[in-house]
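Trainee: Handing you a structure now.
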2 protein chains.
Amino acid sequence: MASLKKIAAEVGVSTATVSNALSGKGRVSQEVVDLIRARAEELGYRPSNAARALKTGQSGILGLVMPDLTNPLFPRIAQTLSIAADKNQLGILIADSRGSPDEQSEAQRRLLDRGVDGLIVVPQRGTTPDASSVPMAVINTDADPLNSVSADHVGGGALVARHICDIGHRKVAILGGDPVSEVQRDRIKGMTETLPPDVQAQVFWGDDGVSHAIEQVQSGTTAILTTSDLLALRVRSELMTAQLSVPGHVSLTGFDDMSFAPIMHPALTTVAQNVEEIATRAIDIISTKIRGETHPLEGRTVPMRLVIRQSTTIAKTATRRLPK
Amino acid sequence: MASLKKIAAEVGVSTATVSNALSGKGRVSQEVVDLIRARAEELGYRPSNAARALKTGQSGILGLVMPDLTNPLFPRIAQTLSIAADKNQLGILIADSRGSPDEQSEAQRRLLDRGVDGLIVVPQRGTTPDASSVPMAVINTDADPLNSVSADHVGGGALVARHICDIGHRKVAILGGDPVSEVQRDRIKGMTETLPPDVQAQVFWGDDGVSHAIEQVQSGTTAILTTSDLLALRVRSELMTAQLSVPGHVSLTGFDDMSFAPIMHPALTTVAQNVEEIATRAIDIISTKIRGETHPLEGRTVPMRLVIRQSTTIAKTATRRLPK
DNA sequence: GCCCTCTGGTTAATCGTTAAATCAGGGGGC
DNA sequence: GCCCCCTGATTTAACGATTAACCAGAGGGC
């Protein structure tokens, strides 16, 4: 409602002076500044984003492209992102790429058309986001050359593998959802790299993988490591119908520490992402990029954290190997 | 990059003509329109949102205020909202009210400052959103006088109560998370209203409620109805430690059909919201409001859907009452 | 032949903010 | 007393799109 012009008229100065007074940029005497500030406050002045954006070419808005907004991690990312964003006076415009790479490009384009200053993209599994005319921060995984920040999925895999190994398991099944996903591949890479040669490990993928992994329990597998809590929940459910108990017959682990992990039965051992750090850093990185600088931590990963709960326990059939 | 001015210069007409040609508004001959369209296409012309917003006073952006972005329903709402929004050429700016009413007001203010054309608010439990200078659509529940659209939570409660009753349960415990939540109160209202007089029902709330509800099983309660899947999952977990099986000893129901409901064990009987319809209608309502009209369905609720899974079964201790 | 209308445009103002360029006037250096 | 610089402003132009108002010329009615 109230514009610079109105304030200028009321105080009896030019709009430029009002602009300067409020932004603290030009040269304005202290008394005039006070006068203007007071009047602006009274009138409830709020600068017009549109006008500022038009003039400066910066909208103060960031675009967030998520592969699928129903991704269970999205809420936490969105929340932290939105909080971190308004600390930096930025807004967040969302777009859903609906599971298809084409839509991902469309989503990027739509956000660009709206004049966002930067883009934060969590790419579809196995895809690379389009190059864009504004700075972009990619949240994916270390293996992605475009990755700006992400959890250390390889390290997370290592954590859970070491844990399982430490509590004496010598034959494990590793279960991934979709081999196209770099994130999942990295998690599994971390697991297999870390397991010592005397531990037998077999990797399974996809829907068939679930039953195959479970069959392995018959032949001595004492632990199933999955790349996602959702997958672990499914395994848990199928183990139950097969009359196999967790962790009695087999230990089970997930990934991401989703909402249900602590309250399912048994509570699920999993690996948590430091979503807050990732989101905050993403905002930081994109802000520095927008300013034309380079962020020292760009491309670095954020450590994951092992959350040990009741779904993993000491392997009965083996002696415990003590951590060195 | 390319502006109306540039196109105008290249084609040799005025910017007004270009504007008219592209928007189809003024009077421009067909050949000139074609010429301009072609040139615009070639130059990759994209209208500046900022300029348009400044001139017209409409930004084409909607603000979405969520009580807590980690709310498990948020992703689906956000997704559908974002899809429905871009069908209407609108963008969605998110804000998180972080669990506090103050932050809710702050969030509204921030979005308003960014010049949104309308606000979609899912209020904090037990709060009323601030009146705002732009049209607002509230997604809450029927009992809220400001409600613009929402699931029929009362009806949902009725559905699950009727189901439980139909399969022969005569003593049930009803468990809510937070009595401040109008949504949860409505769900419970629907349940209690629907249960016939010969069914004993007791209502419990909050953390203590979980254990109290479970104690009831000792004294003949054969079903526990909760107001949320998350709550049901916790109950399920505690029942397990108490050596009580679902649905063997007790039937269990949730609400909202969250991601884990179908894959937990036993799969959870629950009541699903038609989130798509709600979100689509919210966008519709806010769009009509922005145009200054009134939406015929404003304030109406959307039916819920009962999803029967394995967590509910015929009460052993009673004869089944057949649905009429 | 005069007036009116219709077509296909153009001009110019405006939205609110920013920023470069300009300017008036006082004070100090020498 | 002249020149320069500094302070505290003001003017002016511009960002890109929209839109009301205006205008030239063709064609038709009578």
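As shown in the structure tokens, the chain order sets the letters A, B, ...; within each chain, residues go from 1, and ligands are also counted from 1 in the order they appear.
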I'd like the contact shell of Asp130 (chain A) - 10 Å cut-off, only C-alpha atoms (C1' of nucleotides), skipping same-chain residues fewer than 5 positions apart - returned as a VMD selection string.
Mentor: chain A and resid 101 104 to 106 108 to 109 121 123 136
Trainee: Can you pull out the residues contacting Thr301 (chain A)? Cut-off 10 Å, using only C-alpha atoms (C1' of nucleotides), and skip same-chain residues under 2 positions away; I want them as number ranges by chain.
Mentor: A: 139-142, 147-155, 278, 297-299, 303-304
Trainee: Please determine the contact residues of chain A with respect to chain C at a cut-off of 10 Å, counting only C-alpha atoms (C1' of nucleotides), and supply them as a ChimeraX atom specification.
Mentor: /A:2-5,15-16,19-20,26,47-56
Trainee: Hey, could you make a per-residue contact list for chain D against chain A with 12 Å as the cut-off, showing the nearest pair of atoms and its distance in Å to one decimal, counting only C-alpha atoms (C1' of nucleotides), sorted by chain and number, as a Markdown table?
Mentor:
| residue | atom | partner | partner_atom | distance |
| --- | --- | --- | --- | --- |
| D:DC6 | C1' | A:Arg27 | CA | 11.3 |
| D:DT7 | C1' | A:Arg27 | CA | 7.7 |
| D:DG8 | C1' | A:Val28 | CA | 5.8 |
| D:DA9 | C1' | A:Val28 | CA | 7.1 |
| D:DT10 | C1' | A:Ser14 | CA | 6.8 |
| D:DT11 | C1' | A:Ser14 | CA | 9.3 |
| D:DT12 | C1' | A:Ala16 | CA | 10.8 |
| D:DA13 | C1' | A:Lys55 | CA | 11.8 |
| D:DA14 | C1' | A:Lys55 | CA | 7.9 |
| D:DC15 | C1' | A:Lys55 | CA | 4.5 |
| D:DG16 | C1' | A:Leu54 | CA | 7.4 |
| D:DA17 | C1' | A:Leu54 | CA | 10.4 |
Trainee: For the residues selected in the previous step, produce a file with C-alpha atoms (C1' of nucleotides) as a CSV table (one decimal), in the first residue's frame.
Mentor:
chain,number,residue,atom,x,y,z
D,6,DC,C1',32.9,17.0,1.4
D,7,DT,C1',28.1,16.6,3.0
D,8,DG,C1',23.4,16.0,2.2
D,9,DA,C1',20.6,15.9,-0.5
D,10,DT,C1',17.8,16.1,-5.5
D,11,DT,C1',17.0,14.8,-10.5
D,12,DT,C1',16.6,11.7,-13.8
D,13,DA,C1',16.6,7.5,-16.0
D,14,DA,C1',15.7,2.9,-16.0
D,15,DC,C1',13.9,-2.0,-15.2
D,16,DG,C1',9.7,-4.6,-18.5
D,17,DA,C1',5.1,-5.0,-19.1
Trainee: Counting only C-alpha atoms, which residues of chain A come no farther than 7 Å from chain B, as a PyMOL selection string?
Mentor: chain A and resi 46+49-51+53-54+69-70+74-76+78-79+82+91-96+113-115+233-234+237+263-265
Trainee: Those same residues - N, CA and C atoms - I'd like them written as a CSV table (one decimal), in the first residue's frame.
Mentor:
chain,number,residue,atom,x,y,z
A,46,ARG,N,6.0,-1.6,3.5
A,46,ARG,CA,6.6,-2.9,3.1
A,46,ARG,C,7.1,-2.7,1.7
A,49,ASN,N,8.2,-6.2,-3.5
A,49,ASN,CA,9.2,-7.2,-4.1
A,49,ASN,C,9.3,-7.1,-5.6
A,50,ALA,N,8.1,-6.9,-6.2
A,50,ALA,CA,8.1,-6.9,-7.6
A,50,ALA,C,8.9,-5.8,-8.2
A,51,ALA,N,8.7,-4.6,-7.6
A,51,ALA,CA,9.5,-3.4,-8.1
A,51,ALA,C,11.0,-3.6,-7.9
A,53,ALA,N,12.5,-6.4,-7.6
A,53,ALA,CA,13.0,-7.5,-8.5
A,53,ALA,C,13.2,-6.9,-9.9
A,54,LEU,N,12.3,-6.1,-10.3
A,54,LEU,CA,12.3,-5.6,-11.6
A,54,LEU,C,13.6,-4.7,-11.8
A,69,LEU,N,7.6,-35.1,-4.5
A,69,LEU,CA,7.4,-34.5,-3.2
A,69,LEU,C,6.9,-35.5,-2.2
A,70,THR,N,6.5,-36.6,-2.6
A,70,THR,CA,6.1,-37.6,-1.6
A,70,THR,C,7.3,-38.4,-1.0
A,74,PHE,N,11.5,-35.4,2.0
A,74,PHE,CA,11.2,-34.1,1.5
A,74,PHE,C,10.8,-33.1,2.6
A,75,PRO,N,9.9,-33.6,3.5
A,75,PRO,CA,9.4,-32.7,4.5
A,75,PRO,C,10.5,-32.1,5.3
A,76,ARG,N,11.5,-32.9,5.7
A,76,ARG,CA,12.5,-32.4,6.6
A,76,ARG,C,13.4,-31.4,5.8
A,78,ALA,N,12.5,-29.7,3.1
A,78,ALA,CA,11.8,-28.5,2.9
A,78,ALA,C,11.7,-27.6,4.1
A,79,GLN,N,11.5,-28.2,5.2
A,79,GLN,CA,11.4,-27.4,6.4
A,79,GLN,C,12.7,-26.7,6.8
A,82,SER,N,13.4,-24.1,4.2
A,82,SER,CA,12.6,-22.9,4.3
A,82,SER,C,13.0,-22.0,5.5
A,91,GLY,N,13.0,-16.6,-0.3
A,91,GLY,CA,11.7,-17.4,-0.3
A,91,GLY,C,12.0,-18.7,-1.1
A,92,ILE,N,11.1,-19.7,-0.8
A,92,ILE,CA,11.3,-20.9,-1.6
A,92,ILE,C,10.1,-21.3,-2.4
A,93,LEU,N,10.3,-21.4,-3.6
A,93,LEU,CA,9.2,-21.8,-4.6
A,93,LEU,C,9.4,-23.3,-4.9
A,94,ILE,N,8.3,-24.1,-4.7
A,94,ILE,CA,8.5,-25.5,-4.9
A,94,ILE,C,8.1,-26.0,-6.3
A,95,ALA,N,8.6,-27.1,-6.7
A,95,ALA,CA,8.2,-27.7,-7.9
A,95,ALA,C,8.5,-29.2,-7.8
A,96,ASP,N,7.6,-29.9,-8.4
A,96,ASP,CA,7.6,-31.4,-8.2
A,96,ASP,C,8.0,-32.0,-9.6
A,113,ASP,N,11.3,-19.4,-15.2
A,113,ASP,CA,10.4,-18.4,-15.7
A,113,ASP,C,9.8,-17.5,-14.7
A,114,ARG,N,9.8,-18.0,-13.5
A,114,ARG,CA,9.2,-17.1,-12.4
A,114,ARG,C,10.3,-16.2,-11.8
A,115,GLY,N,11.5,-16.4,-12.4
A,115,GLY,CA,12.6,-15.4,-12.0
A,115,GLY,C,13.3,-15.8,-10.8
A,233,LEU,N,11.1,-52.0,6.3
A,233,LEU,CA,9.8,-52.3,6.9
A,233,LEU,C,9.1,-53.4,6.1
A,234,ARG,N,9.3,-53.4,4.8
A,234,ARG,CA,8.8,-54.5,3.9
A,234,ARG,C,9.4,-55.8,4.3
A,237,SER,N,8.1,-57.1,7.4
A,237,SER,CA,6.7,-57.6,7.2
A,237,SER,C,6.8,-59.0,6.6
A,263,ILE,N,9.4,-46.1,16.2
A,263,ILE,CA,8.2,-46.7,16.8
A,263,ILE,C,7.8,-48.0,16.2
A,264,MET,N,8.4,-48.5,15.2
A,264,MET,CA,8.0,-49.8,14.8
A,264,MET,C,8.6,-50.8,15.7
A,265,HIS,N,8.2,-52.1,15.5
A,265,HIS,CA,8.6,-53.1,16.5
A,265,HIS,C,9.3,-54.2,15.8
Trainee: Run DSSP on the backbone and grab whatever in region 8-162 of chain A lands in strand (DSSP E or B); send it over as a list of chain:residue names.
Mentor: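 In region 8-162 of chain A, DSSP puts these residues in strand (DSSP E or B): A:Ile61, A:Leu62, A:Gly63, A:Leu64, A:Val65, A:Met66, A:Gly91, A:Ile92, A:Leu93, A:Ile94, A:Ala95, A:Asp96, A:Gly118, A:Leu119, A:Ile120, A:Val121, A:Met136, A:Ala137, A:Val138, A:Ile139, A:Asn147, A:Ser148, A:Val149, A:Ser150, A:Ala151.
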Trainee: Rounded to one decimal, what separation in Å do you get between CA of Ala272 (chain B) and CA of Gly254 (chain B)?
Mentor: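 Value for the CA of Ala272 (chain B)-CA of Gly254 (chain B) distance: 9.4 Å.
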Trainee: List every residue of region 61-266 of chain A that DSSP, applied to the backbone of this structure, places in alpha helix (DSSP H), and write the result as number ranges by chain.
Mentor: A: 74-87, 101-113, 153-166, 182-194, 206-218, 229-241
Trainee: Export, as a PDB file, in the first residue's frame, the selected residues with C-alpha atoms.
Mentor:
ATOM      1  CA  PHE A  74      11.221 -34.085   1.513  1.00  0.00           C
ATOM      2  CA  PRO A  75       9.401 -32.657   4.504  1.00  0.00           C
ATOM      3  CA  ARG A  76      12.526 -32.355   6.551  1.00  0.00           C
ATOM      4  CA  ILE A  77      14.507 -30.938   3.702  1.00  0.00           C
ATOM      5  CA  ALA A  78      11.772 -28.485   2.861  1.00  0.00           C
ATOM      6  CA  GLN A  79      11.388 -27.435   6.445  1.00  0.00           C
ATOM      7  CA  THR A  80      15.027 -26.790   7.138  1.00  0.00           C
ATOM      8  CA  LEU A  81      15.478 -25.227   3.755  1.00  0.00           C
ATOM      9  CA  SER A  82      12.606 -22.889   4.323  1.00  0.00           C
ATOM     10  CA  ILE A  83      13.877 -21.898   7.738  1.00  0.00           C
ATOM     11  CA  ALA A  84      17.431 -21.421   6.540  1.00  0.00           C
ATOM     12  CA  ALA A  85      16.112 -19.525   3.544  1.00  0.00           C
ATOM     13  CA  ASP A  86      14.263 -16.960   5.497  1.00  0.00           C
ATOM     14  CA  LYS A  87      17.262 -16.331   7.655  1.00  0.00           C
ATOM     15  CA  PRO A 101      13.096 -36.567 -16.168  1.00  0.00           C
ATOM     16  CA  ASP A 102      11.016 -34.579 -18.616  1.00  0.00           C
ATOM     17  CA  GLU A 103       8.980 -33.142 -15.840  1.00  0.00           C
ATOM     18  CA  GLN A 104      12.175 -32.361 -14.007  1.00  0.00           C
ATOM     19  CA  SER A 105      13.260 -30.165 -16.893  1.00  0.00           C
ATOM     20  CA  GLU A 106       9.807 -28.656 -17.068  1.00  0.00           C
ATOM     21  CA  ALA A 107       9.921 -27.906 -13.378  1.00  0.00           C
ATOM     22  CA  GLN A 108      13.279 -26.217 -13.727  1.00  0.00           C
ATOM     23  CA  ARG A 109      11.991 -24.150 -16.589  1.00  0.00           C
ATOM     24  CA  ARG A 110       8.875 -23.089 -14.746  1.00  0.00           C
ATOM     25  CA  LEU A 111      10.894 -21.925 -11.792  1.00  0.00           C
ATOM     26  CA  LEU A 112      13.304 -20.099 -14.042  1.00  0.00           C
ATOM     27  CA  ASP A 113      10.382 -18.378 -15.744  1.00  0.00           C
ATOM     28  CA  HIS A 153      26.163 -42.138   1.780  1.00  0.00           C
ATOM     29  CA  VAL A 154      29.289 -44.201   1.304  1.00  0.00           C
ATOM     30  CA  GLY A 155      30.325 -43.411   4.847  1.00  0.00           C
ATOM     31  CA  GLY A 156      26.833 -44.267   6.058  1.00  0.00           C
ATOM     32  CA  GLY A 157      27.047 -47.643   4.415  1.00  0.00           C
ATOM     33  CA  ALA A 158      30.396 -48.134   6.082  1.00  0.00           C
ATOM     34  CA  LEU A 159      28.964 -47.260   9.497  1.00  0.00           C
ATOM     35  CA  VAL A 160      26.213 -49.794   9.327  1.00  0.00           C
ATOM     36  CA  ALA A 161      28.499 -52.465   7.895  1.00  0.00           C
ATOM     37  CA  ARG A 162      31.024 -51.965  10.659  1.00  0.00           C
ATOM     38  CA  HIS A 163      28.288 -52.155  13.267  1.00  0.00           C
ATOM     39  CA  ILE A 164      26.953 -55.417  11.884  1.00  0.00           C
ATOM     40  CA  CYS A 165      30.432 -56.782  11.640  1.00  0.00           C
ATOM     41  CA  ASP A 166      31.319 -55.695  15.179  1.00  0.00           C
ATOM     42  CA  GLU A 182      23.420 -43.346  -7.297  1.00  0.00           C
ATOM     43  CA  VAL A 183      22.560 -42.725  -3.680  1.00  0.00           C
ATOM     44  CA  GLN A 184      21.681 -46.339  -3.128  1.00  0.00           C
ATOM     45  CA  ARG A 185      24.691 -47.554  -5.039  1.00  0.00           C
ATOM     46  CA  ASP A 186      26.926 -45.432  -2.850  1.00  0.00           C
ATOM     47  CA  ARG A 187      25.337 -46.749   0.305  1.00  0.00           C
ATOM     48  CA  ILE A 188      25.939 -50.294  -0.837  1.00  0.00           C
ATOM     49  CA  LYS A 189      29.430 -49.439  -1.970  1.00  0.00           C
ATOM     50  CA  GLY A 190      30.171 -48.224   1.542  1.00  0.00           C
ATOM     51  CA  MET A 191      28.855 -51.461   2.966  1.00  0.00           C
ATOM     52  CA  THR A 192      30.728 -53.835   0.702  1.00  0.00           C
ATOM     53  CA  GLU A 193      33.975 -51.898   0.918  1.00  0.00           C
ATOM     54  CA  THR A 194      33.869 -52.017   4.665  1.00  0.00           C
ATOM     55  CA  GLY A 206      14.396 -54.574  -6.266  1.00  0.00           C
ATOM     56  CA  ASP A 207      11.168 -56.389  -5.508  1.00  0.00           C
ATOM     57  CA  ASP A 208      12.523 -59.829  -6.232  1.00  0.00           C
ATOM     58  CA  GLY A 209      15.462 -58.976  -4.052  1.00  0.00           C
ATOM     59  CA  VAL A 210      13.255 -58.821  -0.994  1.00  0.00           C
ATOM     60  CA  SER A 211      12.283 -62.477  -1.196  1.00  0.00           C
ATOM     61  CA  HIS A 212      15.722 -63.586  -2.285  1.00  0.00           C
ATOM     62  CA  ALA A 213      17.278 -61.850   0.677  1.00  0.00           C
ATOM     63  CA  ILE A 214      14.843 -63.561   2.969  1.00  0.00           C
ATOM     64  CA  GLU A 215      15.589 -66.956   1.466  1.00  0.00           C
ATOM     65  CA  GLN A 216      19.205 -66.397   2.402  1.00  0.00           C
ATOM     66  CA  VAL A 217      18.271 -66.543   6.045  1.00  0.00           C
ATOM     67  CA  GLN A 218      17.663 -70.267   5.608  1.00  0.00           C
ATOM     68  CA  ASP A 229      13.736 -47.750   6.055  1.00  0.00           C
ATOM     69  CA  LEU A 230      10.768 -48.346   3.810  1.00  0.00           C
ATOM     70  CA  LEU A 231      12.509 -51.356   2.346  1.00  0.00           C
ATOM     71  CA  ALA A 232      13.414 -52.569   5.817  1.00  0.00           C
ATOM     72  CA  LEU A 233       9.800 -52.292   6.853  1.00  0.00           C
ATOM     73  CA  ARG A 234       8.753 -54.452   3.937  1.00  0.00           C
ATOM     74  CA  VAL A 235      11.409 -56.995   4.755  1.00  0.00           C
ATOM     75  CA  ARG A 236      10.288 -56.990   8.363  1.00  0.00           C
ATOM     76  CA  SER A 237       6.741 -57.620   7.248  1.00  0.00           C
ATOM     77  CA  GLU A 238       7.697 -60.516   4.992  1.00  0.00           C
ATOM     78  CA  LEU A 239       9.974 -62.002   7.636  1.00  0.00           C
ATOM     79  CA  MET A 240       7.025 -62.036   9.941  1.00  0.00           C
ATOM     80  CA  THR A 241       4.867 -63.987   7.556  1.00  0.00           C
TER      81      THR A 241
END
Trainee: Take CA of Ala201 (chain A) and CA of Ala173 (chain A) and report the distance between them in Å, one decimal.
Mentor: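 A separation of 5.6 Å between them.
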Trainee: Between CA of Thr253 (chain B) and CA of Ser311 (chain B), what is the spacing in Å?
Mentor: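 Interatomic distance, CA of Ser311 (chain B) to CA of Thr253 (chain B): 6.9 Å.
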